[in-house]
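For reference, coords.cif is printed below; it contains mmCIF, C-alpha atoms.
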data_query
#
loop_
_atom_site.label_atom_id
_atom_site.label_comp_id
_atom_site.auth_asym_id
_atom_site.auth_seq_id
_atom_site.Cartn_x
_atom_site.Cartn_y
_atom_site.Cartn_z
CA MET F 279 -6.20 0.95 -25.20
CA GLU F 280 -3.90 1.83 -28.07
CA ILE F 281 -6.35 4.45 -29.33
CA ALA F 282 -6.74 5.90 -25.83
CA LEU F 283 -2.95 6.17 -25.52
CA GLN F 284 -2.81 7.96 -28.88
CA GLU F 285 -5.51 10.38 -27.69
CA ALA F 286 -3.52 10.99 -24.49
CA ALA F 287 -0.36 11.76 -26.47
CA ALA F 288 -2.31 14.13 -28.72
CA ALA F 289 -3.73 15.86 -25.63
CA ALA F 290 -0.21 16.35 -24.26
CA ALA F 291 0.88 17.86 -27.57
CA ARG F 292 -1.92 20.41 -27.18
CA GLY F 293 -0.80 21.27 -23.64
CA GLU F 294 -3.50 19.22 -21.95
CA VAL F 295 -2.95 16.66 -19.20
CA PRO F 296 -2.36 13.48 -21.23
CA VAL F 297 -5.49 11.44 -20.67
CA GLY F 298 -7.27 9.70 -23.51
CA ALA F 299 -10.49 7.71 -23.68
CA VAL F 300 -12.32 5.48 -26.14
CA VAL F 301 -15.82 4.03 -25.95
CA THR F 302 -16.35 0.75 -27.79
CA ASP F 303 -19.52 -1.17 -28.53
CA ALA F 304 -20.21 -4.80 -27.57
CA ALA F 305 -18.22 -6.00 -30.60
CA GLY F 306 -15.21 -3.84 -29.66
CA ARG F 307 -15.76 -1.26 -32.41
CA PRO F 308 -14.94 2.34 -31.41
CA LEU F 309 -17.98 4.57 -31.03
CA ALA F 310 -16.13 7.70 -29.86
CA GLN F 311 -12.73 8.81 -28.66
CA ALA F 312 -11.32 11.92 -27.03
CA GLY F 313 -8.43 13.42 -25.15
CA ASN F 314 -8.62 15.96 -22.37
CA GLU F 315 -9.78 19.43 -23.52
CA VAL F 316 -9.91 21.20 -20.16
CA GLU F 317 -7.52 23.98 -21.14
CA GLU F 318 -8.77 24.38 -24.70
CA ARG F 319 -12.42 24.67 -23.64
CA ARG F 320 -11.65 26.36 -20.33
CA ASP F 321 -14.00 23.79 -18.85
CA PRO F 322 -12.98 21.69 -15.84
CA SER F 323 -15.49 19.01 -16.85
CA ALA F 324 -13.92 18.49 -20.31
CA HIS F 325 -12.16 15.30 -19.22
CA ALA F 326 -11.49 12.71 -21.92
CA GLU F 327 -14.00 10.32 -20.37
CA MET F 328 -16.80 12.87 -20.30
CA LEU F 329 -16.21 13.91 -23.91
CA ALA F 330 -16.02 10.33 -25.18
CA LEU F 331 -19.12 9.22 -23.25
CA ARG F 332 -21.17 12.15 -24.54
CA ALA F 333 -20.03 11.56 -28.12
CA ALA F 334 -20.75 7.82 -27.93
CA ALA F 335 -24.26 8.43 -26.60
CA ALA F 336 -24.87 10.97 -29.36
CA ALA F 337 -23.57 8.51 -31.98
CA LEU F 338 -26.03 5.88 -30.74
CA GLY F 339 -28.86 8.35 -30.28
CA ASP F 340 -29.38 7.25 -26.69
CA LYS F 341 -28.56 8.49 -23.22
CA LEU F 342 -27.36 5.10 -21.96
CA LEU F 343 -24.43 2.91 -22.97
CA PRO F 344 -25.30 -0.48 -21.41
CA GLU F 345 -23.25 -2.54 -23.89
CA ALA F 346 -20.26 -0.20 -24.01
CA THR F 347 -16.74 -0.44 -22.67
CA LEU F 348 -14.89 2.73 -21.70
CA TRP F 349 -11.13 2.54 -22.14
CA VAL F 350 -9.21 5.34 -20.42
CA THR F 351 -5.53 5.87 -19.74
CA LEU F 352 -5.97 7.04 -16.13
CA GLU F 353 -8.21 5.90 -13.30
CA PRO F 354 -11.31 8.11 -13.56
CA CYS F 355 -11.88 10.85 -11.01
CA ALA F 356 -15.05 10.94 -8.91
CA MET F 357 -16.86 13.16 -11.45
CA CYS F 358 -16.09 10.80 -14.31
CA ALA F 359 -16.90 7.72 -12.21
CA GLN F 360 -20.34 9.15 -11.48
CA ALA F 361 -20.85 9.85 -15.17
CA ILE F 362 -19.84 6.26 -15.98
CA ALA F 363 -22.47 5.06 -13.52
CA HIS F 364 -25.14 7.38 -14.95
CA PHE F 365 -24.37 6.35 -18.54
CA ARG F 366 -24.70 2.72 -17.34
CA VAL F 367 -21.41 1.69 -18.98
CA ARG F 368 -20.98 -2.10 -18.90
CA ARG F 369 -17.23 -2.17 -18.42
CA LEU F 370 -14.46 0.26 -17.48
CA VAL F 371 -10.85 -0.49 -18.43
CA PHE F 372 -8.18 1.95 -17.28
CA GLY F 373 -4.40 2.21 -17.43
CA ALA F 374 -2.60 4.11 -14.67
CA TYR F 375 -3.88 4.20 -11.12
CA ASP F 376 -4.42 7.64 -9.57
CA PRO F 377 -3.90 7.52 -5.78
CA LYS F 378 -4.37 11.30 -5.50
CA GLY F 379 -7.35 12.01 -7.75
CA GLY F 380 -8.87 8.66 -8.61
CA GLY F 381 -12.47 7.91 -7.75
CA VAL F 382 -12.66 4.20 -8.56
CA GLU F 383 -9.90 2.31 -6.75
CA HIS F 384 -8.85 5.32 -4.65
CA GLY F 385 -10.54 8.25 -2.92
CA PRO F 386 -14.32 8.00 -2.78
CA ARG F 387 -14.48 4.62 -4.60
CA ILE F 388 -17.73 5.65 -6.26
CA PHE F 389 -18.78 2.20 -7.47
CA SER F 390 -18.50 0.77 -3.95
CA GLN F 391 -20.92 3.27 -2.44
CA PRO F 392 -24.42 2.06 -1.55
CA THR F 393 -25.87 5.11 -3.31
CA CYS F 394 -24.23 4.23 -6.64
CA HIS F 395 -26.97 3.40 -9.16
CA HIS F 396 -24.80 1.24 -11.41
CA ALA F 397 -21.35 -0.27 -11.02
CA PRO F 398 -19.55 -1.43 -14.16
CA GLU F 399 -17.10 -4.27 -14.36
CA VAL F 400 -13.70 -2.64 -13.66
CA VAL F 401 -10.30 -3.68 -14.97
CA GLY F 402 -7.38 -1.51 -13.90
CA GLY F 403 -3.70 -1.44 -14.77
CA VAL F 404 -3.99 -2.17 -18.51
CA ARG F 405 -0.82 -0.80 -20.16
CA GLU F 406 -0.27 1.03 -16.90
CA SER F 407 3.44 1.74 -17.43
CA GLU F 408 2.83 3.43 -20.79
CA ALA F 409 -0.01 5.57 -19.47
CA ALA F 410 1.96 6.53 -16.37
CA ALA F 411 5.02 7.40 -18.46
CA LEU F 412 2.96 9.87 -20.52
CA LEU F 413 1.78 11.57 -17.35
CA ARG F 414 5.22 11.64 -15.72
CA GLY F 415 6.80 13.07 -18.86
CA PHE F 416 4.16 15.76 -19.19
CA PHE F 417 4.46 16.94 -15.58
CA ALA F 418 8.28 16.76 -15.62
CA LYS F 419 8.29 19.36 -18.40
CA LEU F 420 6.16 21.69 -16.26
CA ARG F 421 8.55 21.60 -13.31
#

Please re-express this file's structure in structure tokens.
Amino acid sequence: MEIALQEAAAAAARGEVPVGAVVTDAAGRPLAQAGNEVEERRDPSAHAEMLALRAAAAALGDKLLPEATLWVTLEPCAMCAQAIAHFRVRRLVFGAYDPKGGGVEHGPRIFSQPTCHHAPEVVGGVRESEAAALLRGFFAKLR
């Protein structure tokens, strides 16, 4: 999660919402990491999770990540949760909960739906206070 928090801080420094993500292999070695790039790319799908998942799959030369763990600083939104299911990620670990935009523990609860093709193991609240503080600080500056 430390790397994901560093990616989130770097995203904030670039004017992006501070969310960072890292994909690790079964041994815990990082395969890919990213921070949000929505503003930079002018692409609403350029969430940290999406970028890290795509890069990890490319690094492995496969479309699936069945042995991977995705570490992300914020509860994934519904779009990212669906991508996690489609990439067949083994485990999702996230920091701050997102009651407004989350798609895992809040909102549509993607992995609980009967139409979900794959549900990873989910661990939420890891280093939650640090991840939430990055977000609060970022949005406080905008107000």

Pick the closest to F:Ala312 from F:Gly293, F:Gly381, F:Gly415, F:Gly298: which is it, counting all atoms listed in the file?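 For F:Ala312, the nearest of the given residues is F:Gly298.
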
Non-local contacts of F:Glu318 (9 Å; only C-alpha atoms; under 3 positions in same chain excluded) as a list of chain:residue names: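 Listed by chain and then number, they are F:Arg292, F:Gly293, F:Glu294, F:Asn314, F:Glu315, F:Asp321, F:Ala324.
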
Residue nearest F:Glu345 - candidates F:Arg307, F:Lys378, F:Arg320, F:His384, atoms counted: only C-alpha atoms: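 Counting only C-alpha atoms, the residue closest to F:Glu345 is F:Arg307.
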
Who sits within 8 Å of stretch 350-363 of chain F, all atoms listed in the file, same chain under 2 positions skipped, as an MDAnalysis selection string: chainID F and resid 279 282:283 286 297:300 325:328 331 348 365:367 370:376 379:383 385:389 394:398 402 406 409:410

Go through F:Ala336, F:Gln391, F:Pro308, F:Val400 and flag the residue nearest F:Glu280, using only C-alpha atoms for the distances.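 Counting only C-alpha atoms, the residue closest to F:Glu280 is F:Pro308.
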
Just the number, please: distance in Å from atom CA of F:Leu413 to atom CA of F:Ala304, one decimal.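 Atom CA of F:Ala304 lies at a distance of 29.3 Å from atom CA of F:Leu413.
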
Could you tell me which of F:Ala291, F:Arg368, F:Pro296, F:Ser323 comes closest to F:Glu408 if we count all atoms listed in the file?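 Closest residue, counting all atoms listed in the file: F:Pro296.
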
For the atom pair atom CA of F:Val301 and atom CA of F:Ala334, what is the interatomic distance in Å to one decimal place?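 Atom CA of F:Ala334 lies at a distance of 6.5 Å from atom CA of F:Val301.
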
Counting all atoms listed in the file, figure out which residue out of F:Leu342, F:Leu309, F:Ala335, F:Val295 gets nearest to F:Pro322.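 Selected residue with least distance to F:Pro322: F:Val295.
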
Can you work out the spacing between atom CA of F:Ser407 and atom CA of F:Leu420 in Å, to one decimal?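 About the pair atom CA of F:Ser407 and atom CA of F:Leu420: they are 20.2 Å apart.
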
From the set F:Gly313, F:Thr347, F:Leu338, F:Phe417, which residue has the shortest atom-to-atom contact distance to F:Ala288, counting only C-alpha atoms?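 Nearest candidate to F:Ala288 out of F:Gly313, F:Thr347, F:Leu338, F:Phe417: F:Gly313.
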
Write a file for stretch 394-415 of chain F, containing N, CA, C and O atoms (output as an mmCIF file, in the first residue's frame).
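See result-v5.cif below for the written result:
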data_model
loop_
_atom_site.group_PDB
_atom_site.id
_atom_site.type_symbol
_atom_site.label_atom_id
_atom_site.label_comp_id
_atom_site.auth_asym_id
_atom_site.auth_seq_id
_atom_site.Cartn_x
_atom_site.Cartn_y
_atom_site.Cartn_z
ATOM 1 N N CYS F 394 -22.182 -10.848 -11.790
ATOM 2 C CA CYS F 394 -20.732 -10.638 -11.731
ATOM 3 C C CYS F 394 -20.030 -11.957 -12.067
ATOM 4 O O CYS F 394 -20.299 -12.991 -11.462
ATOM 5 N N HIS F 395 -19.133 -11.919 -13.020
ATOM 6 C CA HIS F 395 -18.444 -13.121 -13.503
ATOM 7 C C HIS F 395 -17.374 -13.622 -12.547
ATOM 8 O O HIS F 395 -17.050 -14.799 -12.541
ATOM 9 N N HIS F 396 -16.779 -12.719 -11.798
ATOM 10 C CA HIS F 396 -15.701 -13.089 -10.880
ATOM 11 C C HIS F 396 -15.673 -12.089 -9.729
ATOM 12 O O HIS F 396 -15.695 -10.894 -9.950
ATOM 13 N N ALA F 397 -15.601 -12.603 -8.529
ATOM 14 C CA ALA F 397 -15.509 -11.736 -7.348
ATOM 15 C C ALA F 397 -14.186 -12.030 -6.646
ATOM 16 O O ALA F 397 -13.945 -13.160 -6.227
ATOM 17 N N PRO F 398 -13.323 -11.027 -6.522
ATOM 18 C CA PRO F 398 -12.061 -11.244 -5.822
ATOM 19 C C PRO F 398 -12.259 -11.267 -4.308
ATOM 20 O O PRO F 398 -13.306 -10.842 -3.804
ATOM 21 N N GLU F 399 -11.263 -11.724 -3.612
ATOM 22 C CA GLU F 399 -11.213 -11.529 -2.172
ATOM 23 C C GLU F 399 -11.065 -10.020 -1.970
ATOM 24 O O GLU F 399 -10.302 -9.375 -2.693
ATOM 25 N N VAL F 400 -11.773 -9.441 -1.017
ATOM 26 C CA VAL F 400 -11.736 -7.993 -0.795
ATOM 27 C C VAL F 400 -11.328 -7.692 0.648
ATOM 28 O O VAL F 400 -11.895 -8.261 1.583
ATOM 29 N N VAL F 401 -10.355 -6.803 0.779
ATOM 30 C CA VAL F 401 -9.929 -6.314 2.085
ATOM 31 C C VAL F 401 -9.964 -4.796 2.017
ATOM 32 O O VAL F 401 -9.237 -4.189 1.230
ATOM 33 N N GLY F 402 -10.819 -4.185 2.809
ATOM 34 C CA GLY F 402 -10.938 -2.730 2.807
ATOM 35 C C GLY F 402 -10.406 -2.113 4.079
ATOM 36 O O GLY F 402 -10.260 -2.785 5.104
ATOM 37 N N GLY F 403 -10.094 -0.829 4.017
ATOM 38 C CA GLY F 403 -9.678 -0.079 5.189
ATOM 39 C C GLY F 403 -8.200 -0.158 5.529
ATOM 40 O O GLY F 403 -7.797 0.251 6.612
ATOM 41 N N VAL F 404 -7.375 -0.642 4.612
ATOM 42 C CA VAL F 404 -5.931 -0.742 4.853
ATOM 43 C C VAL F 404 -5.301 0.641 4.707
ATOM 44 O O VAL F 404 -5.395 1.258 3.652
ATOM 45 N N ARG F 405 -4.720 1.136 5.787
ATOM 46 C CA ARG F 405 -4.130 2.484 5.841
ATOM 47 C C ARG F 405 -5.161 3.539 5.430
ATOM 48 O O ARG F 405 -4.854 4.523 4.760
ATOM 49 N N GLU F 406 -6.372 3.281 5.867
ATOM 50 C CA GLU F 406 -7.518 4.126 5.517
ATOM 51 C C GLU F 406 -7.310 5.583 5.895
ATOM 52 O O GLU F 406 -7.614 6.485 5.098
ATOM 53 N N SER F 407 -6.809 5.857 7.089
ATOM 54 C CA SER F 407 -6.678 7.248 7.530
ATOM 55 C C SER F 407 -5.705 8.023 6.659
ATOM 56 O O SER F 407 -5.942 9.195 6.345
ATOM 57 N N GLU F 408 -4.625 7.389 6.227
ATOM 58 C CA GLU F 408 -3.655 8.066 5.359
ATOM 59 C C GLU F 408 -4.250 8.361 3.986
ATOM 60 O O GLU F 408 -4.068 9.449 3.444
ATOM 61 N N ALA F 409 -4.939 7.387 3.435
ATOM 62 C CA ALA F 409 -5.548 7.566 2.113
ATOM 63 C C ALA F 409 -6.638 8.639 2.167
ATOM 64 O O ALA F 409 -6.721 9.493 1.285
ATOM 65 N N ALA F 410 -7.452 8.603 3.213
ATOM 66 C CA ALA F 410 -8.516 9.589 3.360
ATOM 67 C C ALA F 410 -7.949 10.984 3.568
ATOM 68 O O ALA F 410 -8.492 11.972 3.045
ATOM 69 N N ALA F 411 -6.850 11.089 4.303
ATOM 70 C CA ALA F 411 -6.228 12.396 4.540
ATOM 71 C C ALA F 411 -5.735 13.019 3.236
ATOM 72 O O ALA F 411 -5.864 14.235 3.030
ATOM 73 N N LEU F 412 -5.172 12.207 2.346
ATOM 74 C CA LEU F 412 -4.742 12.722 1.037
ATOM 75 C C LEU F 412 -5.933 13.303 0.277
ATOM 76 O O LEU F 412 -5.838 14.381 -0.314
ATOM 77 N N LEU F 413 -7.025 12.591 0.280
ATOM 78 C CA LEU F 413 -8.218 13.059 -0.427
ATOM 79 C C LEU F 413 -8.791 14.316 0.208
ATOM 80 O O LEU F 413 -9.107 15.283 -0.499
ATOM 81 N N ARG F 414 -8.922 14.329 1.533
ATOM 82 C CA ARG F 414 -9.454 15.510 2.215
ATOM 83 C C ARG F 414 -8.580 16.738 1.948
ATOM 84 O O ARG F 414 -9.095 17.821 1.669
ATOM 85 N N GLY F 415 -7.283 16.563 2.026
ATOM 86 C CA GLY F 415 -6.370 17.672 1.789
ATOM 87 C C GLY F 415 -6.467 18.220 0.380
ATOM 88 O O GLY F 415 -6.462 19.429 0.156
#
